[in-house]
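Trainee: Sharing a structure with you now.
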Amino acid sequence: MLDINAQIAAYLKDKTILVTGGTGSFGKKFTKTVLDNYDVKKVIVYSRDELKQFEMQQAYRDEKRLRFFIGDVRDKDRLAMALQGVDIIVHAAAIKQVPAAEYNPMECIKTNINGAENVIEAALATKVQKVIALSTDKAANPINLYGATKLCSDKLFVAGNNLTGDRDLRFSVVRYGNVAGSRGSVVPFFRNLIASGATELPITDAAMTRFWITLDQGVNFVLQNLVRMHGGETFVPKIPSIKITDLATALAPNLPQKIIGIRPGEKIHEVMCPRDDYQHTLEFEKFFIIKPSISFTSRVSDFSETCLGEKGQPVPANFEYNSFNNPHYLTVEELVELHKNI
């Protein structure tokens, strides 16, 4: 098996990539990583906020390879126009804030479900080769609307592989947990409170745990899966968990913590590989694959071996990968060191 970075470089050479939600935390990091490290033909940032696009354009000066396209994933015609000449879609656009989704359910559905359908149909109508959709741990056994819409989105992308006919077009999903320091996450929220002179940090529940991944790790995992995907898999990285109380201690060791109660739609622990999916779950050295529960009419894939030659094994009966039973937790000291770099 060739070095995975060499495989990524070979695959991305002269390719055009479109990133939906490209001005978000993931999109900016993905764009910078690709432009700095790979010989792509073009990266197209597709989003609806012209101010964020302007600010990103000032920070990422690559007039030859970087393009910006104002548009919304709710607009299929605009998407199809933007996808002319595109080889790869990384679908990162979503309404992600759990309370906002609970209070604005139709808006969440329009972006996260209808938008996913539009991405699939626009890809089918153009010459796109691969689509990776970003999911979330909240899509596994969802109890909030955000998670439910992302589960619907995941199912749409997996089933999209049955619509391709003899086209060499493949859809896969990447699911991971909370991104350290991303916009709207708990880290900048805590930091703003600390900077404003807060005398305590609010904790929704003292037992709460979360999966934890950095932006760099998330971007690299997506790039790796572009070359290992058959189409139809949901990729789940093996990443550490954290205790929310440990995170608060790492950021402000001298501040007391006040329990305020769970927000609408919030879980105590998050799941990435549900127990109900154990029969479809394969374990690899550094990640899991959840196989599609449906069969594809146009292709047969042995998901126990990736396109990179990595081999996986079925997980034990009733296996579940959640943030509570995860064998790897970050310590307070590790969190302190990690957040020095965010």
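Residues are referred to by chain and number: the chain letter is A, B, ... according to the order shown in the structure tokens, the number counts from 1 in that chain, and ligands are numbered separately from 1 in the order shown.
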Fewer than 4 positions away in the same chain doesn't count, so skip those; otherwise give me all residues within 9 Å of A:Asn225, counting only C-alpha atoms, as an mmCIF file with all heavy atoms, in the first residue's frame.

Mentor:
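Output below, filename part-v7.cif:
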data_model
loop_
_atom_site.group_PDB
_atom_site.id
_atom_site.type_symbol
_atom_site.label_atom_id
_atom_site.label_comp_id
_atom_site.auth_asym_id
_atom_site.auth_seq_id
_atom_site.Cartn_x
_atom_site.Cartn_y
_atom_site.Cartn_z
ATOM 1 N N ILE A 132 -18.338 13.722 -0.680
ATOM 2 C CA ILE A 132 -18.266 13.364 0.739
ATOM 3 C C ILE A 132 -19.084 14.379 1.512
ATOM 4 O O ILE A 132 -18.874 15.592 1.393
ATOM 5 C CB ILE A 132 -16.818 13.335 1.252
ATOM 6 C CG1 ILE A 132 -16.146 12.017 0.838
ATOM 7 C CG2 ILE A 132 -16.781 13.472 2.768
ATOM 8 C CD1 ILE A 132 -14.840 11.725 1.525
ATOM 9 N N SER A 172 -20.250 9.224 -0.202
ATOM 10 C CA SER A 172 -19.947 8.662 1.116
ATOM 11 C C SER A 172 -20.134 9.739 2.176
ATOM 12 O O SER A 172 -20.279 10.926 1.868
ATOM 13 C CB SER A 172 -18.521 8.105 1.173
ATOM 14 O OG SER A 172 -18.410 6.911 0.425
ATOM 15 N N VAL A 174 -18.841 11.199 6.157
ATOM 16 C CA VAL A 174 -17.864 11.228 7.247
ATOM 17 C C VAL A 174 -18.578 11.757 8.484
ATOM 18 O O VAL A 174 -19.186 12.825 8.457
ATOM 19 C CB VAL A 174 -16.658 12.130 6.903
ATOM 20 C CG1 VAL A 174 -15.823 12.408 8.148
ATOM 21 C CG2 VAL A 174 -15.794 11.478 5.831
ATOM 22 N N ASN A 220 -8.024 16.245 7.519
ATOM 23 C CA ASN A 220 -7.193 15.136 7.047
ATOM 24 C C ASN A 220 -8.013 13.858 6.904
ATOM 25 O O ASN A 220 -7.794 13.072 5.969
ATOM 26 C CB ASN A 220 -6.016 14.910 7.991
ATOM 27 C CG ASN A 220 -4.984 16.017 7.899
ATOM 28 O OD1 ASN A 220 -4.865 16.675 6.866
ATOM 29 N ND2 ASN A 220 -4.251 16.250 8.970
ATOM 30 N N PHE A 221 -8.962 13.643 7.810
ATOM 31 C CA PHE A 221 -9.802 12.446 7.718
ATOM 32 C C PHE A 221 -10.665 12.489 6.460
ATOM 33 O O PHE A 221 -10.830 11.476 5.768
ATOM 34 C CB PHE A 221 -10.659 12.329 8.972
ATOM 35 C CG PHE A 221 -11.363 11.006 9.117
ATOM 36 C CD1 PHE A 221 -10.643 9.825 9.165
ATOM 37 C CD2 PHE A 221 -12.746 10.938 9.243
ATOM 38 C CE1 PHE A 221 -11.280 8.597 9.307
ATOM 39 C CE2 PHE A 221 -13.396 9.724 9.387
ATOM 40 C CZ PHE A 221 -12.658 8.545 9.422
ATOM 41 N N MET A 229 -12.615 5.569 -0.181
ATOM 42 C CA MET A 229 -14.045 5.279 -0.292
ATOM 43 C C MET A 229 -14.394 4.425 -1.501
ATOM 44 O O MET A 229 -13.841 4.592 -2.585
ATOM 45 C CB MET A 229 -14.839 6.592 -0.350
ATOM 46 C CG MET A 229 -14.543 7.455 -1.554
ATOM 47 S SD MET A 229 -15.402 9.060 -1.515
ATOM 48 C CE MET A 229 -17.011 8.599 -2.170
ATOM 49 N N PHE A 235 -17.869 6.828 7.373
ATOM 50 C CA PHE A 235 -16.565 6.719 8.027
ATOM 51 C C PHE A 235 -16.606 7.404 9.383
ATOM 52 O O PHE A 235 -17.080 8.538 9.497
ATOM 53 C CB PHE A 235 -15.478 7.368 7.170
ATOM 54 C CG PHE A 235 -15.209 6.674 5.862
ATOM 55 C CD1 PHE A 235 -15.792 7.123 4.685
ATOM 56 C CD2 PHE A 235 -14.365 5.583 5.802
ATOM 57 C CE1 PHE A 235 -15.546 6.492 3.481
ATOM 58 C CE2 PHE A 235 -14.106 4.937 4.603
ATOM 59 C CZ PHE A 235 -14.697 5.387 3.431
#

Trainee: For stretch 328-339 of chain A, list every protein, DNA or RNA residue within 8 Å, evaluated using only C-alpha atoms, and leave out those in the same chain fewer than 2 positions away; present the list as a list in words.

Mentor: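 Once the nearby chain positions are removed, what remains is Ile239, Pro240, Ser241, Ile242, Lys243, Asp246, Leu247, Thr249, Ala250, Leu251, Asn326, Asn341 and Ile342 of chain A.
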
Trainee: What are the closest atom pairs, with distances in Å to one decimal, for all residues of stretch 125-158 of chain A lying within 10 Å of stretch 109-115 of chain A? Consider only C-alpha atoms, order rows by chain and residue number, and present the result as a tab-separated table.

Mentor:
residue	atom	partner	partner_atom	distance
A:Leu145	CA	A:Ile109	CA	8.4
A:Tyr146	CA	A:Asn112	CA	8.1
A:Gly147	CA	A:Asn112	CA	9.8
A:Ala148	CA	A:Ile109	CA	9.3
A:Thr149	CA	A:Asn112	CA	5.8
A:Lys150	CA	A:Asn112	CA	6.4
A:Leu151	CA	A:Ile113	CA	9.0
A:Cys152	CA	A:Ile113	CA	6.4
A:Ser153	CA	A:Ile113	CA	5.3
A:Asp154	CA	A:Ile113	CA	9.2
A:Lys155	CA	A:Ile113	CA	9.9
A:Leu156	CA	A:Ile113	CA	8.3

Trainee: Of the candidates A:Leu215, A:Leu79, A:Cys108, A:Ala123, which one gets nearest to A:Lys28 if we count only C-alpha atoms?

Mentor: A:Leu215

Trainee: Residues near A:Asp49, anyone? I mean within 12 Å using only C-alpha atoms, not counting same-chain ones fewer than 6 positions away, as a PyMOL selection string.

Mentor: chain A and resi 20-24+55-56+68-72+93

Trainee: Let me see the file: selected residues, N, CA and C atoms, as a compact mmCIF listing (two decimals), in the first residue's frame.

Mentor:
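What ended up in selection-v6.txt:
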# COMPACT_ATOMS: atom_id res chain seq x y z
N THR A 20 -19.26 23.14 -0.15
CA THR A 20 -20.44 23.87 0.30
C THR A 20 -20.23 24.31 1.75
N GLY A 21 -20.78 25.46 2.11
CA GLY A 21 -20.50 26.00 3.44
C GLY A 21 -19.03 26.30 3.60
N GLY A 22 -18.42 26.72 2.51
CA GLY A 22 -16.96 26.85 2.48
C GLY A 22 -16.37 27.96 3.31
N THR A 23 -17.21 28.87 3.84
CA THR A 23 -16.68 29.95 4.68
C THR A 23 -16.78 29.61 6.17
N GLY A 24 -17.26 28.41 6.50
CA GLY A 24 -17.30 27.98 7.89
C GLY A 24 -15.93 27.53 8.37
N GLU A 55 -13.93 38.36 3.31
CA GLU A 55 -12.87 38.24 4.33
C GLU A 55 -11.96 37.05 4.03
N MET A 56 -12.54 35.97 3.57
CA MET A 56 -11.73 34.79 3.24
C MET A 56 -10.84 35.07 2.03
N PHE A 68 -14.81 31.92 -5.65
CA PHE A 68 -15.90 32.10 -4.70
C PHE A 68 -17.22 32.18 -5.46
N PHE A 69 -18.22 31.49 -4.94
CA PHE A 69 -19.51 31.39 -5.61
C PHE A 69 -20.59 31.63 -4.57
N ILE A 70 -21.32 32.74 -4.72
CA ILE A 70 -22.44 33.02 -3.81
C ILE A 70 -23.60 32.10 -4.17
N GLY A 71 -24.09 31.38 -3.18
CA GLY A 71 -25.21 30.48 -3.44
C GLY A 71 -25.62 29.76 -2.18
N ASP A 72 -26.80 29.15 -2.23
CA ASP A 72 -27.36 28.44 -1.09
C ASP A 72 -27.64 27.01 -1.54
N ALA A 93 -22.06 22.39 4.30
CA ALA A 93 -23.10 23.37 4.64
C ALA A 93 -24.17 22.72 5.51

Trainee: Using only C-alpha atoms, find the one residue out of A:Asn318, A:Thr245, A:Thr164, A:Ser323 that sits nearest to A:Ile120.

Mentor: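 Closest to A:Ile120, using only C-alpha atoms: A:Thr164.
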
Trainee: Would you please give, as a PDB file with N, CA, C and O atoms, in the first residue's frame, all residues of stretch 85-215 of chain A that DSSP assigns to alpha helix (DSSP H) based on the backbone?

Mentor:
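Heads up, here's the output in result.pdb:
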ATOM      1  N   VAL A  98     -27.738  23.255  17.905  1.00  0.00           N
ATOM      2  CA  VAL A  98     -28.849  22.435  18.396  1.00  0.00           C
ATOM      3  C   VAL A  98     -30.037  23.282  18.856  1.00  0.00           C
ATOM      4  O   VAL A  98     -31.167  23.057  18.399  1.00  0.00           O
ATOM      5  N   PRO A  99     -29.857  24.274  19.755  1.00  0.00           N
ATOM      6  CA  PRO A  99     -31.030  25.069  20.174  1.00  0.00           C
ATOM      7  C   PRO A  99     -31.664  25.832  19.012  1.00  0.00           C
ATOM      8  O   PRO A  99     -32.898  25.934  18.928  1.00  0.00           O
ATOM      9  N   ALA A 100     -30.841  26.381  18.107  1.00  0.00           N
ATOM     10  CA  ALA A 100     -31.393  27.114  16.963  1.00  0.00           C
ATOM     11  C   ALA A 100     -32.265  26.209  16.105  1.00  0.00           C
ATOM     12  O   ALA A 100     -33.322  26.628  15.613  1.00  0.00           O
ATOM     13  N   ALA A 101     -31.839  24.964  15.932  1.00  0.00           N
ATOM     14  CA  ALA A 101     -32.627  24.021  15.144  1.00  0.00           C
ATOM     15  C   ALA A 101     -33.935  23.668  15.841  1.00  0.00           C
ATOM     16  O   ALA A 101     -34.983  23.527  15.204  1.00  0.00           O
ATOM     17  N   GLU A 102     -33.892  23.546  17.178  1.00  0.00           N
ATOM     18  CA  GLU A 102     -35.107  23.224  17.924  1.00  0.00           C
ATOM     19  C   GLU A 102     -36.141  24.334  17.798  1.00  0.00           C
ATOM     20  O   GLU A 102     -37.348  24.071  17.725  1.00  0.00           O
ATOM     21  N   TYR A 103     -35.684  25.572  17.764  1.00  0.00           N
ATOM     22  CA  TYR A 103     -36.607  26.704  17.692  1.00  0.00           C
ATOM     23  C   TYR A 103     -36.969  27.105  16.261  1.00  0.00           C
ATOM     24  O   TYR A 103     -37.944  27.819  16.044  1.00  0.00           O
ATOM     25  N   PRO A 105     -37.288  24.774  13.324  1.00  0.00           N
ATOM     26  CA  PRO A 105     -37.174  23.451  12.698  1.00  0.00           C
ATOM     27  C   PRO A 105     -37.279  23.458  11.182  1.00  0.00           C
ATOM     28  O   PRO A 105     -36.542  22.741  10.502  1.00  0.00           O
ATOM     29  N   MET A 106     -38.177  24.262  10.613  1.00  0.00           N
ATOM     30  CA  MET A 106     -38.340  24.246   9.167  1.00  0.00           C
ATOM     31  C   MET A 106     -37.090  24.760   8.459  1.00  0.00           C
ATOM     32  O   MET A 106     -36.731  24.275   7.381  1.00  0.00           O
ATOM     33  N   GLU A 107     -36.429  25.745   9.048  1.00  0.00           N
ATOM     34  CA  GLU A 107     -35.201  26.257   8.431  1.00  0.00           C
ATOM     35  C   GLU A 107     -34.112  25.188   8.443  1.00  0.00           C
ATOM     36  O   GLU A 107     -33.356  25.038   7.478  1.00  0.00           O
ATOM     37  N   CYS A 108     -34.026  24.451   9.536  1.00  0.00           N
ATOM     38  CA  CYS A 108     -33.055  23.366   9.639  1.00  0.00           C
ATOM     39  C   CYS A 108     -33.343  22.286   8.599  1.00  0.00           C
ATOM     40  O   CYS A 108     -32.426  21.778   7.936  1.00  0.00           O
ATOM     41  N   ILE A 109     -34.608  21.933   8.439  1.00  0.00           N
ATOM     42  CA  ILE A 109     -34.995  20.911   7.456  1.00  0.00           C
ATOM     43  C   ILE A 109     -34.672  21.371   6.036  1.00  0.00           C
ATOM     44  O   ILE A 109     -34.151  20.607   5.217  1.00  0.00           O
ATOM     45  N   GLY A 115     -31.408  20.593   1.279  1.00  0.00           N
ATOM     46  CA  GLY A 115     -30.108  20.957   0.717  1.00  0.00           C
ATOM     47  C   GLY A 115     -29.297  19.740   0.319  1.00  0.00           C
ATOM     48  O   GLY A 115     -28.625  19.731  -0.724  1.00  0.00           O
ATOM     49  N   ALA A 116     -29.343  18.680   1.132  1.00  0.00           N
ATOM     50  CA  ALA A 116     -28.637  17.437   0.792  1.00  0.00           C
ATOM     51  C   ALA A 116     -29.197  16.844  -0.500  1.00  0.00           C
ATOM     52  O   ALA A 116     -28.442  16.398  -1.377  1.00  0.00           O
ATOM     53  N   GLU A 117     -30.515  16.833  -0.614  1.00  0.00           N
ATOM     54  CA  GLU A 117     -31.139  16.321  -1.838  1.00  0.00           C
ATOM     55  C   GLU A 117     -30.697  17.129  -3.052  1.00  0.00           C
ATOM     56  O   GLU A 117     -30.405  16.568  -4.121  1.00  0.00           O
ATOM     57  N   ASN A 118     -30.602  18.447  -2.895  1.00  0.00           N
ATOM     58  CA  ASN A 118     -30.174  19.295  -4.007  1.00  0.00           C
ATOM     59  C   ASN A 118     -28.731  19.011  -4.407  1.00  0.00           C
ATOM     60  O   ASN A 118     -28.394  19.005  -5.599  1.00  0.00           O
ATOM     61  N   VAL A 119     -27.855  18.785  -3.419  1.00  0.00           N
ATOM     62  CA  VAL A 119     -26.457  18.455  -3.731  1.00  0.00           C
ATOM     63  C   VAL A 119     -26.387  17.160  -4.530  1.00  0.00           C
ATOM     64  O   VAL A 119     -25.658  17.059  -5.527  1.00  0.00           O
ATOM     65  N   ILE A 120     -27.166  16.158  -4.121  1.00  0.00           N
ATOM     66  CA  ILE A 120     -27.164  14.869  -4.816  1.00  0.00           C
ATOM     67  C   ILE A 120     -27.671  15.035  -6.245  1.00  0.00           C
ATOM     68  O   ILE A 120     -27.047  14.554  -7.206  1.00  0.00           O
ATOM     69  N   GLU A 121     -28.796  15.715  -6.403  1.00  0.00           N
ATOM     70  CA  GLU A 121     -29.382  15.859  -7.742  1.00  0.00           C
ATOM     71  C   GLU A 121     -28.503  16.705  -8.646  1.00  0.00           C
ATOM     72  O   GLU A 121     -28.372  16.418  -9.849  1.00  0.00           O
ATOM     73  N   ALA A 122     -27.878  17.746  -8.096  1.00  0.00           N
ATOM     74  CA  ALA A 122     -26.977  18.576  -8.906  1.00  0.00           C
ATOM     75  C   ALA A 122     -25.729  17.794  -9.303  1.00  0.00           C
ATOM     76  O   ALA A 122     -25.217  17.948 -10.420  1.00  0.00           O
ATOM     77  N   ALA A 123     -25.226  16.939  -8.416  1.00  0.00           N
ATOM     78  CA  ALA A 123     -24.069  16.104  -8.753  1.00  0.00           C
ATOM     79  C   ALA A 123     -24.430  15.117  -9.862  1.00  0.00           C
ATOM     80  O   ALA A 123     -23.640  14.878 -10.786  1.00  0.00           O
ATOM     81  N   LEU A 124     -25.632  14.540  -9.787  1.00  0.00           N
ATOM     82  CA  LEU A 124     -26.082  13.599 -10.819  1.00  0.00           C
ATOM     83  C   LEU A 124     -26.252  14.281 -12.170  1.00  0.00           C
ATOM     84  O   LEU A 124     -26.087  13.651 -13.221  1.00  0.00           O
ATOM     85  N   ALA A 125     -26.579  15.572 -12.141  1.00  0.00           N
ATOM     86  CA  ALA A 125     -26.826  16.311 -13.383  1.00  0.00           C
ATOM     87  C   ALA A 125     -25.540  16.846 -14.011  1.00  0.00           C
ATOM     88  O   ALA A 125     -25.579  17.381 -15.121  1.00  0.00           O
ATOM     89  N   LEU A 145     -33.457  17.848  16.686  1.00  0.00           N
ATOM     90  CA  LEU A 145     -33.794  18.017  15.276  1.00  0.00           C
ATOM     91  C   LEU A 145     -32.547  18.077  14.402  1.00  0.00           C
ATOM     92  O   LEU A 145     -32.526  17.519  13.309  1.00  0.00           O
ATOM     93  N   TYR A 146     -31.512  18.754  14.870  1.00  0.00           N
ATOM     94  CA  TYR A 146     -30.276  18.801  14.096  1.00  0.00           C
ATOM     95  C   TYR A 146     -29.790  17.391  13.781  1.00  0.00           C
ATOM     96  O   TYR A 146     -29.508  17.045  12.632  1.00  0.00           O
ATOM     97  N   GLY A 147     -29.701  16.532  14.808  1.00  0.00           N
ATOM     98  CA  GLY A 147     -29.256  15.165  14.588  1.00  0.00           C
ATOM     99  C   GLY A 147     -30.191  14.405  13.663  1.00  0.00           C
ATOM    100  O   GLY A 147     -29.744  13.639  12.797  1.00  0.00           O
ATOM    101  N   ALA A 148     -31.497  14.601  13.826  1.00  0.00           N
ATOM    102  CA  ALA A 148     -32.466  13.908  12.972  1.00  0.00           C
ATOM    103  C   ALA A 148     -32.324  14.332  11.512  1.00  0.00           C
ATOM    104  O   ALA A 148     -32.402  13.497  10.605  1.00  0.00           O
ATOM    105  N   THR A 149     -32.120  15.624  11.269  1.00  0.00           N
ATOM    106  CA  THR A 149     -31.957  16.072   9.884  1.00  0.00           C
ATOM    107  C   THR A 149     -30.655  15.551   9.284  1.00  0.00           C
ATOM    108  O   THR A 149     -30.596  15.221   8.098  1.00  0.00           O
ATOM    109  N   LYS A 150     -29.602  15.457  10.104  1.00  0.00           N
ATOM    110  CA  LYS A 150     -28.336  14.932   9.582  1.00  0.00           C
ATOM    111  C   LYS A 150     -28.422  13.425   9.333  1.00  0.00           C
ATOM    112  O   LYS A 150     -27.783  12.910   8.416  1.00  0.00           O
ATOM    113  N   LEU A 151     -29.208  12.705  10.142  1.00  0.00           N
ATOM    114  CA  LEU A 151     -29.431  11.290   9.852  1.00  0.00           C
ATOM    115  C   LEU A 151     -30.152  11.145   8.514  1.00  0.00           C
ATOM    116  O   LEU A 151     -29.790  10.294   7.686  1.00  0.00           O
ATOM    117  N   CYS A 152     -31.180  11.977   8.287  1.00  0.00           N
ATOM    118  CA  CYS A 152     -31.862  11.964   6.982  1.00  0.00           C
ATOM    119  C   CYS A 152     -30.882  12.270   5.856  1.00  0.00           C
ATOM    120  O   CYS A 152     -30.878  11.606   4.811  1.00  0.00           O
ATOM    121  N   SER A 153     -30.042  13.271   6.072  1.00  0.00           N
ATOM    122  CA  SER A 153     -29.037  13.632   5.072  1.00  0.00           C
ATOM    123  C   SER A 153     -28.104  12.463   4.791  1.00  0.00           C
ATOM    124  O   SER A 153     -27.820  12.133   3.630  1.00  0.00           O
ATOM    125  N   ASP A 154     -27.625  11.796   5.850  1.00  0.00           N
ATOM    126  CA  ASP A 154     -26.731  10.643   5.670  1.00  0.00           C
ATOM    127  C   ASP A 154     -27.397   9.566   4.830  1.00  0.00           C
ATOM    128  O   ASP A 154     -26.785   8.984   3.921  1.00  0.00           O
ATOM    129  N   LYS A 155     -28.668   9.277   5.142  1.00  0.00           N
ATOM    130  CA  LYS A 155     -29.398   8.248   4.400  1.00  0.00           C
ATOM    131  C   LYS A 155     -29.554   8.636   2.925  1.00  0.00           C
ATOM    132  O   LYS A 155     -29.474   7.789   2.028  1.00  0.00           O
ATOM    133  N   LEU A 156     -29.794   9.917   2.680  1.00  0.00           N
ATOM    134  CA  LEU A 156     -29.919  10.387   1.298  1.00  0.00           C
ATOM    135  C   LEU A 156     -28.624  10.182   0.523  1.00  0.00           C
ATOM    136  O   LEU A 156     -28.636   9.717  -0.629  1.00  0.00           O
ATOM    137  N   PHE A 157     -27.504  10.527   1.135  1.00  0.00           N
ATOM    138  CA  PHE A 157     -26.225  10.385   0.428  1.00  0.00           C
ATOM    139  C   PHE A 157     -25.859   8.921   0.196  1.00  0.00           C
ATOM    140  O   PHE A 157     -25.358   8.568  -0.873  1.00  0.00           O
ATOM    141  N   VAL A 158     -26.130   8.075   1.177  1.00  0.00           N
ATOM    142  CA  VAL A 158     -25.858   6.652   0.983  1.00  0.00           C
ATOM    143  C   VAL A 158     -26.717   6.105  -0.163  1.00  0.00           C
ATOM    144  O   VAL A 158     -26.208   5.424  -1.070  1.00  0.00           O
ATOM    145  N   ALA A 159     -28.009   6.413  -0.144  1.00  0.00           N
ATOM    146  CA  ALA A 159     -28.914   5.924  -1.181  1.00  0.00           C
ATOM    147  C   ALA A 159     -28.627   6.545  -2.540  1.00  0.00           C
ATOM    148  O   ALA A 159     -29.001   5.983  -3.579  1.00  0.00           O
ATOM    149  N   VAL A 186     -18.118  25.116  22.211  1.00  0.00           N
ATOM    150  CA  VAL A 186     -18.050  25.516  23.612  1.00  0.00           C
ATOM    151  C   VAL A 186     -16.750  26.240  23.958  1.00  0.00           C
ATOM    152  O   VAL A 186     -16.720  27.078  24.863  1.00  0.00           O
ATOM    153  N   VAL A 187     -15.657  25.954  23.233  1.00  0.00           N
ATOM    154  CA  VAL A 187     -14.373  26.576  23.570  1.00  0.00           C
ATOM    155  C   VAL A 187     -14.417  28.100  23.399  1.00  0.00           C
ATOM    156  O   VAL A 187     -14.110  28.841  24.343  1.00  0.00           O
ATOM    157  N   PRO A 188     -14.799  28.633  22.228  1.00  0.00           N
ATOM    158  CA  PRO A 188     -14.881  30.093  22.132  1.00  0.00           C
ATOM    159  C   PRO A 188     -15.944  30.687  23.066  1.00  0.00           C
ATOM    160  O   PRO A 188     -15.780  31.813  23.551  1.00  0.00           O
ATOM    161  N   PHE A 189     -16.997  29.929  23.349  1.00  0.00           N
ATOM    162  CA  PHE A 189     -18.015  30.395  24.296  1.00  0.00           C
ATOM    163  C   PHE A 189     -17.404  30.575  25.681  1.00  0.00           C
ATOM    164  O   PHE A 189     -17.554  31.625  26.318  1.00  0.00           O
ATOM    165  N   PHE A 190     -16.674  29.561  26.161  1.00  0.00           N
ATOM    166  CA  PHE A 190     -15.997  29.666  27.454  1.00  0.00           C
ATOM    167  C   PHE A 190     -14.965  30.787  27.439  1.00  0.00           C
ATOM    168  O   PHE A 190     -14.849  31.555  28.401  1.00  0.00           O
ATOM    169  N   ARG A 191     -14.209  30.879  26.369  1.00  0.00           N
ATOM    170  CA  ARG A 191     -13.150  31.894  26.298  1.00  0.00           C
ATOM    171  C   ARG A 191     -13.717  33.301  26.346  1.00  0.00           C
ATOM    172  O   ARG A 191     -13.139  34.202  26.971  1.00  0.00           O
ATOM    173  N   ASN A 192     -14.843  33.514  25.670  1.00  0.00           N
ATOM    174  CA  ASN A 192     -15.467  34.844  25.706  1.00  0.00           C
ATOM    175  C   ASN A 192     -15.936  35.185  27.112  1.00  0.00           C
ATOM    176  O   ASN A 192     -15.805  36.336  27.559  1.00  0.00           O
ATOM    177  N   LEU A 193     -16.476  34.190  27.804  1.00  0.00           N
ATOM    178  CA  LEU A 193     -16.905  34.425  29.186  1.00  0.00           C
ATOM    179  C   LEU A 193     -15.707  34.775  30.070  1.00  0.00           C
ATOM    180  O   LEU A 193     -15.766  35.712  30.881  1.00  0.00           O
ATOM    181  N   ILE A 194     -14.623  34.031  29.904  1.00  0.00           N
ATOM    182  CA  ILE A 194     -13.425  34.282  30.702  1.00  0.00           C
ATOM    183  C   ILE A 194     -12.872  35.676  30.424  1.00  0.00           C
ATOM    184  O   ILE A 194     -12.525  36.434  31.338  1.00  0.00           O
ATOM    185  N   ALA A 195     -12.827  36.025  29.119  1.00  0.00           N
ATOM    186  CA  ALA A 195     -12.278  37.328  28.729  1.00  0.00           C
ATOM    187  C   ALA A 195     -13.142  38.484  29.236  1.00  0.00           C
ATOM    188  O   ALA A 195     -12.630  39.582  29.496  1.00  0.00           O
ATOM    189  N   LEU A 215      -9.643  20.635  14.040  1.00  0.00           N
ATOM    190  CA  LEU A 215      -9.955  20.929  12.640  1.00  0.00           C
ATOM    191  C   LEU A 215      -8.982  20.238  11.697  1.00  0.00           C
ATOM    192  O   LEU A 215      -9.380  19.700  10.657  1.00  0.00           O
TER     193      LEU A 215
END

Trainee: Could you go through stretch 268-310 of chain A and tell me which residues DSSP, when run on the backbone, assigns to strand (DSSP E), listing them as an mmCIF file with C-alpha atoms, in the first residue's frame?

Mentor:
data_model
loop_
_atom_site.group_PDB
_atom_site.id
_atom_site.type_symbol
_atom_site.label_atom_id
_atom_site.label_comp_id
_atom_site.auth_asym_id
_atom_site.auth_seq_id
_atom_site.Cartn_x
_atom_site.Cartn_y
_atom_site.Cartn_z
ATOM 1 C CA VAL A 271 -22.792 8.151 20.011
ATOM 2 C CA MET A 272 -20.959 7.641 16.714
ATOM 3 C CA CYS A 273 -21.492 3.909 16.051
ATOM 4 C CA THR A 281 -19.997 -1.853 11.580
ATOM 5 C CA LEU A 282 -16.413 -2.761 10.715
ATOM 6 C CA GLU A 283 -13.404 -1.835 12.830
ATOM 7 C CA PHE A 287 -11.440 4.258 12.139
ATOM 8 C CA PHE A 288 -14.752 2.448 11.789
ATOM 9 C CA ILE A 289 -16.904 1.973 8.719
ATOM 10 C CA ILE A 290 -20.665 1.664 8.987
#

Trainee: Can you pull out the residues contacting stretch 310-312 of chain A? Cut-off 8 Å, using only C-alpha atoms, and skip same-chain residues under 2 positions away; I want them as a ChimeraX atom specification.

Mentor: /A:282-285,304-308,314

Trainee: Could you work out how far atom CA of A:Gln313 lies from atom CA of A:Ile143, giving the answer in Å with one decimal?

Mentor: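 We find that atom CA of A:Ile143 and atom CA of A:Gln313 lie 29.4 Å from each other.
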
Trainee: From the options A:Phe296, A:Tyr11, A:Phe324, A:Tyr38, which residue's atoms come nearest to A:Phe171, counting only C-alpha atoms?

Mentor: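 Using only C-alpha atoms, A:Phe171 sits closest to A:Phe296.
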
Trainee: Point out the residue among A:Gly197, A:Arg183, A:His230, A:His269 with the least atom-to-atom distance to A:Ser301, counting only C-alpha atoms.

Mentor: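 So, comparing all the options, the nearest one is A:His230.
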
Trainee: Name the closest residue to A:Ile262 among the candidates A:Asp39, A:Ala206, A:Leu226, A:Ser295; distances are taken between atoms, counting only C-alpha atoms.

Mentor: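 Of the candidates, the smallest distance to A:Ile262 is held by A:Ala206.
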
Trainee: Please provide as a PyMOL selection string all residues within 12 Å of A:Gly218, with the sequence filter that same-chain residues fewer than 4 positions apart are discarded (counting only C-alpha atoms).

Mentor: chain A and resi 25-27+29-30+33+92+134-136+174-180+182+212-214+222-225+235-239

Trainee: Which is closer to A:Ile294 than all the others in A:Asn161, A:Thr16, A:Asn254, A:Thr126, using only C-alpha atoms?

Mentor: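 Closest candidate: A:Asn161.
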